[in-house]
Amino acid sequence: MSLLETKPVLIIGGSGIVGAKAAQILRQLHPDLPIAIGGRDTNRAQNIAEVVGNAFAVKVDLERNDLGQGEGTGYSAVAVFVKDETLNSMKYAQAHGLPYLSVSSGVFEVGPEMALAIRNPGRAPILMASNWLAGAATFPALQVARDFRTIDNITITVVLDEEDMGGPAAFADYQRLTQSAPNPLQLKDGHWRWIKGEAATRRYTDIDGTDVEANAYSPLDVLSLATATDAKSVRFDLVYGVSASRRRGNAFSTEIAVETSGDLLTGEKVHQRLDIVHPEGQAPLTALHVALGIERLLGLHGGEPVKPGLYLPDLLMDPEYVVRRMKEFGALFRQS
């Protein structure tokens with residue numbers, strides 16, 4: 001797709017911390033791509049648009065099927081950074097045949113999105129990117145998995161610093177996903193289990209050697225990794241508290257540990273750990289992965305524009321490319 005022919009990408013929640021960052025990264029990756037910063041506060045959205053450049057503010061009303069957009073309004077894709085309980089944003093995308101990307105649903109609440117996508121299979125590509133930081137754990141794990149013949153276990157542990165929550169929408173997501181969710185989902189010895197009690201907690205050694213408590217959590221990574229790798233067990237845990245960098249007296253960081261056990265292609269049985277740190281916290285990585293998802297949906301990298309269907313991020317993007325971009329945008333990797 002030529003950028004000269006591309007209509008604006010509508011970023012709903014684009015005036016929030018992560019949404020604004022995603023718009024800025026999109027601008028960096030594609031200087032000529034027009035962007036619409038959507039939100040309830042058009043003054044704030046306009047301020048972001050002026051910083052981003054080649055962008056403008058639009059008022060979005062999620063209570064309306066047309067999102068409050070005029071008849072002559074046209075977009076090339078819709079990315080949503082808030083929890084749209086009406087799914088009007090997805091309905092709008094389907095009605096207009098637009099690629100759609102969402103990031104705020106837990107495993108336990110993807111049913112409505114999936115049902116709407118299945119009901120209208122030929123209308124639009126739907127990218128369900130509610131993996132941790134929109135894919136920041138999934139893609140490095142998949143890159144590691146390429147060295148394995150068989151995988152016994154993938155365990156991902158992430159550290160979210162309590163000072164790195166982001167804006168009100170991110171905090172609302174965190175509360176909903178941790179307090180309103182049923183028991184977390186994990187794959188254990190080939191069986192899907194909703195775990196609770198003592199099984200839902202474990203001790204974890206942070207990147208600086210500190211022993212902390214981690215609690216089971218189930219973003220879409222557990223689905224992506226289980227189906228992509230055929231691992232026997234997949235578990236995801238969250239540490240919410242103080243990141244290693246802040247314990248040292250620095251600013252907060254975001255941390256991801258990917259532990260993989262199994263047989264390498266060489267036949268050697270190993271347990272490997274990959275640590276990933278971004279010194280600026282979770283927002284840059286989330287924004288980057290959303291930007292890469294939009295880029296792929298529109299056919300701006302990695303192939304032609306994506307055809308209608310229901311997708312997880314790893315079905316559309318190559319781990320090597322995503323990991324390279326993560327490093328370019330400040331993520332630090334350490335293998336042990």
# chains A, B, ... in the order shown; residues from 1 in each chain; ligands from 1

$ residues_around --residues "Ile294 (chain A)" --least-positions-apart "4" --cutoff "10 Å" --atoms "only C-alpha atoms" --output "list of chain:residue names"
A:Val9, A:Ala22, A:Leu26, A:Ser76, A:Ala77, A:Val78, A:Ala79, A:Pro99, A:Tyr100, A:Leu101, A:Leu127, A:Leu288, A:His289, A:Val290, A:Leu298, A:Gly299, A:Leu300, A:His301

$ residues_around --residues "Leu264 (chain A)" --least-positions-apart "4" --cutoff "6 Å" --atoms "only C-alpha atoms" --output "JSON, numbers by chain"
{"A": [147, 148, 149, 268]}

$ write_last_selection --atoms "N, CA and C atoms" --output "short mmCIF file (atom, residue, chain, number, x, y, z; two decimals), in the first residue's frame"
data_model
loop_
_atom_site.label_atom_id
_atom_site.label_comp_id
_atom_site.auth_asym_id
_atom_site.auth_seq_id
_atom_site.Cartn_x
_atom_site.Cartn_y
_atom_site.Cartn_z
N ASP A 147 15.22 -22.58 18.54
CA ASP A 147 16.41 -23.38 18.78
C ASP A 147 16.07 -24.74 19.41
N PHE A 148 14.79 -24.98 19.68
CA PHE A 148 14.38 -26.20 20.38
C PHE A 148 13.68 -27.18 19.45
N ARG A 149 13.99 -28.46 19.66
CA ARG A 149 13.29 -29.52 18.94
C ARG A 149 11.96 -29.82 19.63
N GLU A 268 20.64 -31.63 22.95
CA GLU A 268 21.00 -31.31 24.33
C GLU A 268 19.77 -30.84 25.11
#

$ closest_atom_pairs --of "region 71-167 of chain A" --to "region 213-233 of chain A" --cutoff "6 Å" --atoms "only C-alpha atoms" --output "tab-separated table"
residue	atom	partner	partner_atom	distance
A:Gly106	CA	A:Pro219	CA	5.2
A:Val107	CA	A:Pro219	CA	5.7
A:Ser130	CA	A:Leu220	CA	5.7
A:Asn131	CA	A:Leu220	CA	4.5
A:Thr138	CA	A:Asp221	CA	5.8
A:Ile151	CA	A:Ala231	CA	4.8
A:Asp152	CA	A:Lys232	CA	5.0
A:Asn153	CA	A:Ser233	CA	4.6

$ write_last_selection --atoms "C-alpha atoms" --output "short mmCIF file (atom, residue, chain, number, x, y, z; two decimals), in the first residue's frame"
data_model
loop_
_atom_site.label_atom_id
_atom_site.label_comp_id
_atom_site.auth_asym_id
_atom_site.auth_seq_id
_atom_site.Cartn_x
_atom_site.Cartn_y
_atom_site.Cartn_z
CA GLY A 106 -7.72 -10.78 29.20
CA VAL A 107 -8.00 -14.44 28.24
CA SER A 130 -3.81 -8.31 24.27
CA ASN A 131 -0.55 -10.13 24.90
CA THR A 138 5.65 -13.48 23.05
CA ILE A 151 9.77 -27.80 24.60
CA ASP A 152 8.76 -29.08 27.99
CA ASN A 153 8.03 -25.74 29.61
#

$ residues_around --residues "Gln24 (chain A)" --least-positions-apart "6" --cutoff "10 Å" --atoms "only C-alpha atoms" --output "VMD selection string"
chain A and resid 14 18 30 to 31 35 48 to 49 51 to 53 287 to 288 291

$ write_last_selection --atoms "N, CA and C atoms" --output "mmCIF file, in the first residue's frame"
data_model
loop_
_atom_site.group_PDB
_atom_site.id
_atom_site.type_symbol
_atom_site.label_atom_id
_atom_site.label_comp_id
_atom_site.auth_asym_id
_atom_site.auth_seq_id
_atom_site.Cartn_x
_atom_site.Cartn_y
_atom_site.Cartn_z
ATOM 1 N N GLY A 14 -5.623 7.717 21.800
ATOM 2 C CA GLY A 14 -4.330 8.214 21.331
ATOM 3 C C GLY A 14 -3.768 9.371 22.121
ATOM 4 N N VAL A 18 0.327 5.679 26.556
ATOM 5 C CA VAL A 18 0.816 4.670 25.619
ATOM 6 C C VAL A 18 0.310 4.946 24.207
ATOM 7 N N HIS A 30 7.068 5.594 9.937
ATOM 8 C CA HIS A 30 6.447 5.952 8.662
ATOM 9 C C HIS A 30 6.109 7.438 8.672
ATOM 10 N N PRO A 31 7.059 8.288 8.290
ATOM 11 C CA PRO A 31 6.892 9.744 8.389
ATOM 12 C C PRO A 31 5.684 10.299 7.644
ATOM 13 N N ILE A 35 -2.317 10.240 10.762
ATOM 14 C CA ILE A 35 -2.801 9.654 12.009
ATOM 15 C C ILE A 35 -3.908 10.524 12.582
ATOM 16 N N ILE A 48 -1.469 16.414 21.293
ATOM 17 C CA ILE A 48 -0.675 15.253 20.884
ATOM 18 C C ILE A 48 -0.475 15.272 19.372
ATOM 19 N N ALA A 49 -1.526 15.584 18.644
ATOM 20 C CA ALA A 49 -1.448 15.604 17.181
ATOM 21 C C ALA A 49 -0.406 16.595 16.692
ATOM 22 N N VAL A 51 2.275 17.532 18.269
ATOM 23 C CA VAL A 51 3.599 16.985 18.558
ATOM 24 C C VAL A 51 3.970 15.909 17.541
ATOM 25 N N VAL A 52 3.005 15.045 17.208
ATOM 26 C CA VAL A 52 3.249 13.932 16.292
ATOM 27 C C VAL A 52 3.507 14.427 14.874
ATOM 28 N N GLY A 53 2.717 15.406 14.437
ATOM 29 C CA GLY A 53 2.845 15.900 13.071
ATOM 30 C C GLY A 53 2.079 15.052 12.077
ATOM 31 N N ALA A 287 3.808 0.529 23.007
ATOM 32 C CA ALA A 287 3.594 1.403 21.850
ATOM 33 C C ALA A 287 4.269 0.850 20.606
ATOM 34 N N LEU A 288 5.477 0.355 20.758
ATOM 35 C CA LEU A 288 6.199 -0.199 19.613
ATOM 36 C C LEU A 288 5.448 -1.371 19.007
ATOM 37 N N ALA A 291 2.437 -0.284 17.119
ATOM 38 C CA ALA A 291 2.862 0.341 15.868
ATOM 39 C C ALA A 291 3.256 -0.719 14.838
#

$ select_by_dssp --residues "region 33-225 of chain A" --states "alpha helix (DSSP H)" --output "PyMOL selection string"
chain A and resi 42-52+88-95+111-119+138-145+168-175+221-225

$ closest_residue --among "A:Gly197, A:Pro184, A:Pro308, A:Pro313" --to "Ala117 (chain A)" --atoms "only C-alpha atoms"
A:Pro308

$ closest_residue --among "A:Met114, A:Val158, A:Ala129, A:Val144" --to "Asp314 (chain A)" --atoms "only C-alpha atoms"
A:Ala129

$ residues_around --residues "Trp192 (chain A)" --least-positions-apart "3" --cutoff "10 Å" --atoms "only C-alpha atoms" --output "PyMOL selection string"
chain A and resi 185-189+195+226+233-234

$ write_last_selection --atoms "all heavy atoms" --output "short mmCIF file (atom, residue, chain, number, x, y, z; two decimals), in the first residue's frame"
data_model
loop_
_atom_site.label_atom_id
_atom_site.label_comp_id
_atom_site.auth_asym_id
_atom_site.auth_seq_id
_atom_site.Cartn_x
_atom_site.Cartn_y
_atom_site.Cartn_z
N LEU A 185 -5.31 -18.77 33.67
CA LEU A 185 -5.23 -19.94 32.82
C LEU A 185 -3.78 -20.30 32.54
O LEU A 185 -2.96 -19.43 32.26
CB LEU A 185 -5.95 -19.66 31.49
CG LEU A 185 -5.99 -20.79 30.47
CD1 LEU A 185 -6.88 -21.93 30.95
CD2 LEU A 185 -6.51 -20.25 29.12
N GLN A 186 -3.46 -21.59 32.63
CA GLN A 186 -2.13 -22.05 32.23
C GLN A 186 -2.25 -23.43 31.61
O GLN A 186 -3.25 -24.13 31.79
CB GLN A 186 -1.16 -22.10 33.42
CG GLN A 186 -1.40 -23.25 34.39
CD GLN A 186 -0.26 -23.42 35.39
OE1 GLN A 186 -0.04 -22.56 36.22
NE2 GLN A 186 0.44 -24.52 35.32
N LEU A 187 -1.23 -23.76 30.82
CA LEU A 187 -1.14 -25.10 30.25
C LEU A 187 -0.18 -25.90 31.10
O LEU A 187 0.98 -25.50 31.29
CB LEU A 187 -0.63 -25.01 28.80
CG LEU A 187 -0.51 -26.34 28.05
CD1 LEU A 187 -1.88 -26.96 27.80
CD2 LEU A 187 0.22 -26.13 26.71
N LYS A 188 -0.63 -27.02 31.65
CA LYS A 188 0.19 -27.85 32.54
C LYS A 188 0.18 -29.28 32.04
O LYS A 188 -0.87 -29.94 32.02
CB LYS A 188 -0.35 -27.77 33.97
CG LYS A 188 0.41 -28.62 34.98
CD LYS A 188 1.82 -28.08 35.22
CE LYS A 188 2.50 -28.85 36.35
NZ LYS A 188 3.91 -28.39 36.55
N ASP A 189 1.35 -29.74 31.59
CA ASP A 189 1.49 -31.11 31.10
C ASP A 189 0.44 -31.45 30.04
O ASP A 189 -0.16 -32.53 30.04
CB ASP A 189 1.41 -32.11 32.26
CG ASP A 189 2.55 -31.94 33.25
OD1 ASP A 189 3.66 -31.58 32.82
OD2 ASP A 189 2.33 -32.14 34.46
N ILE A 195 -5.94 -22.12 37.46
CA ILE A 195 -5.26 -22.42 38.71
C ILE A 195 -5.64 -21.42 39.80
O ILE A 195 -6.00 -20.28 39.53
CB ILE A 195 -3.73 -22.45 38.52
CG1 ILE A 195 -3.20 -21.10 38.02
CG2 ILE A 195 -3.34 -23.55 37.56
CD1 ILE A 195 -1.69 -21.03 37.99
N ALA A 226 1.38 -21.46 23.52
CA ALA A 226 0.97 -22.87 23.55
C ALA A 226 0.68 -23.38 22.15
O ALA A 226 1.07 -24.50 21.78
CB ALA A 226 -0.25 -23.04 24.45
N SER A 233 3.95 -27.32 28.70
CA SER A 233 3.47 -26.45 29.77
C SER A 233 3.82 -25.01 29.44
O SER A 233 4.92 -24.72 28.97
CB SER A 233 4.10 -26.83 31.12
OG SER A 233 3.75 -28.15 31.50
N VAL A 234 2.88 -24.10 29.69
CA VAL A 234 3.09 -22.67 29.50
C VAL A 234 2.48 -21.95 30.69
O VAL A 234 1.31 -22.15 31.02
CB VAL A 234 2.46 -22.14 28.20
CG1 VAL A 234 2.69 -20.63 28.08
CG2 VAL A 234 3.02 -22.87 26.98
#

$ closest_residue --among "A:Glu198, A:Asp211, A:Asp41, A:Asp84" --to "Ala169 (chain A)" --atoms "only C-alpha atoms"
A:Asp84

$ select_by_dssp --residues "region 78-276 of chain A" --states "strand (DSSP E)" --output "number ranges by chain"
A: 78-80, 100-102, 125-128, 148-161, 185-188, 191-194, 201-205, 211-216, 233-241, 254-264, 269-276

$ closest_residue --among "A:Asn47, A:Val212, A:Glu280, A:Thr205" --to "Asn250 (chain A)" --atoms "only C-alpha atoms"
A:Glu280

$ atom_distance --atom1 "CA of Glu71 (chain A)" --atom2 "CA of Lys307 (chain A)"
24.6 Å

$ atom_distance --atom1 "CA of Arg273 (chain A)" --atom2 "CA of Gly249 (chain A)"
25.3 Å

$ closest_residue --among "A:Val258, A:Leu285, A:Ala20, A:Ala137" --to "Ala57 (chain A)" --atoms "only C-alpha atoms"
A:Ala20
